[in-house]
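Student: Once you've had a glance at the structure underneath, I'll fire off some questions.
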Amino acid sequence: MTTDVALRKPTMNKQPPGSVSPAKRQIKEVKETKTTINCVTFPLPGEGPEQQLLKPEEWSYCDYFWTDKKDPQGTTSVAGFEVLLQKQLKGKQMQKEMSEFIHERIKIEEEYAKNLSKLSLSPLAAQEEGTLGEAWTQLKKSLHDEAEVHLKFSNKLHSEVEKPLLTFRGDNFKKDLKKYDHHIADLRKQLASRYASVEKARKALADRQKDLEVKTQQLEIKLSNKTEEDIKKARRKSTQAGDDLMRCVDLYNQTQSKWFEEMVTTSMELEKLEVERIEWIQQHLRQYTTLRHETDMFNQSTVEPVDQLLQNVDPAKDRELWVKENKTGEVRPVDMDI
């Protein structure tokens, strides 16, 4: 994997251990300027040149997840990369729950449309007459039209919002995340193995140096019959132990550099995936609001004919029509004659 970000990482001191005293000084200096946490080497605060962010002012994943994090119970550590993976899984779950929310919204729309359609067939006030009767009939018809609008809204919600949210990044997504996880975890295991080798080599060097010191002191105060050849042999073993330590440190640094590079590359890939997820959801939630506005507009159109008929309601005309249809006689009573 490659990345366009310049990789900048401090490395452990590669100077070979010298004689006994310089070697001790080198080990002491490493311990004072650097610290190793869970097999990863970091500079101590205030030691060495100040590190610059790989992507300044972007709050990029590749800059903020290098150390391990204690779990809420404080018993175990969670790798920074694992935190990024958990973010991806949480995002997938949130996306699923949003889809479920829209599904519930669809059910409400469908039930509402069903009830509106049923109500539009109600016989209540069906005998109203005249211009008011016409307006009342149109109002009931508008319920049927409104029901159709809400039914279409629910169908579009399903096809244009719910389904895309549900199907975005299918079952293979979790498999892809596992590949990332296994890849970085394998590199971390290799790093732990290299670190164990460094510690073993460091201990071996300390033991050889101690043995050389003891033999040298014994020879100087003549407490032993050790020959100078024995001293040379112990010195060769100490030098060899120093070479072994240097080789182990070099292998450790190579492995840590490889882990570092893969962490940068993979974390940036996860960052890109998160941006895509957010933009995808944003796009389809905007589609929800667009459909909602359209529904309001269509609903408004269903009541416009009702408004027109209500404006034309004329009590005088209704009275005229009713009287003409129901009159019982126009001749009025007169006084009786004697």
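Ligands are numbered from 1 in the order shown, chains are lettered A, B, ... in the order of the structure tokens, and residues start at 1 in each chain.
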Compile the contact shell of range 279-292 of chain A as a list in words: residues with an atom at most 7 Å away, counting only C-alpha atoms, same-chain residues fewer than 3 positions apart removed.
Tutor: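 Near neighbours after the sequence-gap exclusion: Phe153, Leu157, Val161, Leu165, Val275, Glu276, Thr295 and Asp296 of chain A.
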Student: Any chance you can output those residues with N, CA and C atoms as a compact mmCIF listing (two decimals), in the first residue's frame?
Tutor:
# COMPACT_ATOMS: atom_id res chain seq x y z
N PHE A 153 -45.88 9.12 -1.98
CA PHE A 153 -44.77 9.56 -1.12
C PHE A 153 -44.13 8.37 -0.43
N LEU A 157 -40.36 7.05 -0.88
CA LEU A 157 -39.49 6.92 0.30
C LEU A 157 -38.81 5.56 0.31
N VAL A 161 -35.06 6.38 -0.67
CA VAL A 161 -34.40 6.69 0.61
C VAL A 161 -34.12 5.42 1.42
N LEU A 165 -30.34 3.45 1.66
CA LEU A 165 -29.68 3.44 2.97
C LEU A 165 -29.41 2.02 3.45
N VAL A 275 -16.07 9.43 4.91
CA VAL A 275 -16.55 10.60 4.15
C VAL A 275 -17.61 10.17 3.15
N GLU A 276 -17.36 9.06 2.46
CA GLU A 276 -18.32 8.55 1.47
C GLU A 276 -19.64 8.18 2.15
N THR A 295 -44.63 16.55 -1.55
CA THR A 295 -45.89 16.06 -0.97
C THR A 295 -46.74 17.22 -0.48
N ASP A 296 -46.11 18.17 0.17
CA ASP A 296 -46.85 19.36 0.63
C ASP A 296 -47.46 20.11 -0.54
Student: Mind running range 114-224 of chain A against range 37-55 of chain A at 12 Å and telling me each contacting residue's nearest atom pair with the distance in Å (one decimal), counting only C-alpha atoms, chain and number ascending, as JSON lines?
Tutor:
{"residue": "A:Leu187", "atom": "CA", "partner": "A:Val40", "partner_atom": "CA", "distance": 11.6}
{"residue": "A:Arg188", "atom": "CA", "partner": "A:Cys39", "partner_atom": "CA", "distance": 8.5}
{"residue": "A:Lys189", "atom": "CA", "partner": "A:Cys39", "partner_atom": "CA", "distance": 9.3}
{"residue": "A:Gln190", "atom": "CA", "partner": "A:Cys39", "partner_atom": "CA", "distance": 10.0}
{"residue": "A:Leu191", "atom": "CA", "partner": "A:Cys39", "partner_atom": "CA", "distance": 6.8}
{"residue": "A:Ala192", "atom": "CA", "partner": "A:Cys39", "partner_atom": "CA", "distance": 5.4}
{"residue": "A:Ser193", "atom": "CA", "partner": "A:Cys39", "partner_atom": "CA", "distance": 8.7}
{"residue": "A:Arg194", "atom": "CA", "partner": "A:Cys39", "partner_atom": "CA", "distance": 8.6}
{"residue": "A:Tyr195", "atom": "CA", "partner": "A:Cys39", "partner_atom": "CA", "distance": 5.9}
{"residue": "A:Ala196", "atom": "CA", "partner": "A:Cys39", "partner_atom": "CA", "distance": 8.3}
{"residue": "A:Ser197", "atom": "CA", "partner": "A:Cys39", "partner_atom": "CA", "distance": 11.1}
{"residue": "A:Val198", "atom": "CA", "partner": "A:Cys39", "partner_atom": "CA", "distance": 10.3}
{"residue": "A:Glu199", "atom": "CA", "partner": "A:Cys39", "partner_atom": "CA", "distance": 10.3}
Student: When distances are computed from only C-alpha atoms, which of A:Lys210, A:Ala204, A:Lys258, A:Cys62 shows the smallest separation from His183 in chain A?
Tutor: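 Looking only at the distances to His183 in chain A, the closest residue turns out to be A:Lys258.
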Student: Near Ile184 in chain A, counting only C-alpha atoms, which residues have an atom at most 12 Å away, once you skip same-chain residues fewer than 2 positions from it, shown as a count of residues only?
Tutor: 31
Student: Report the residues of range 34-87 of chain A whose backbone DSSP state falls under helix (DSSP H, G or I), written as a PyMOL selection string.
Tutor: chain A and resi 61-64+80-87
Student: Can you work out the spacing between CA of Thr33 in chain A and CA of Arg235 in chain A in Å, to one decimal?
Tutor: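 Taking CA of Thr33 in chain A as the start and CA of Arg235 in chain A as the end point, the length is 28.5 Å.
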Student: Using only C-alpha atoms, can you tell me which of A:Ala147, A:Ala126, A:Leu139, A:Leu310 comes closest to Glu109 in chain A?
Tutor: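 Going through A:Ala147, A:Ala126, A:Leu139, A:Leu310 one by one, the smallest distance to Glu109 in chain A is for A:Ala147.
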Student: For each of A:Leu273, A:Leu205, A:Leu143, A:Leu132, take the minimum atom-to-atom distance to Asp243 in chain A, counting only C-alpha atoms, then give the residue where this is smallest.
Tutor: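 Checking each of A:Leu273, A:Leu205, A:Leu143, A:Leu132 against Asp243 in chain A, counting only C-alpha atoms, the winner is A:Leu205.
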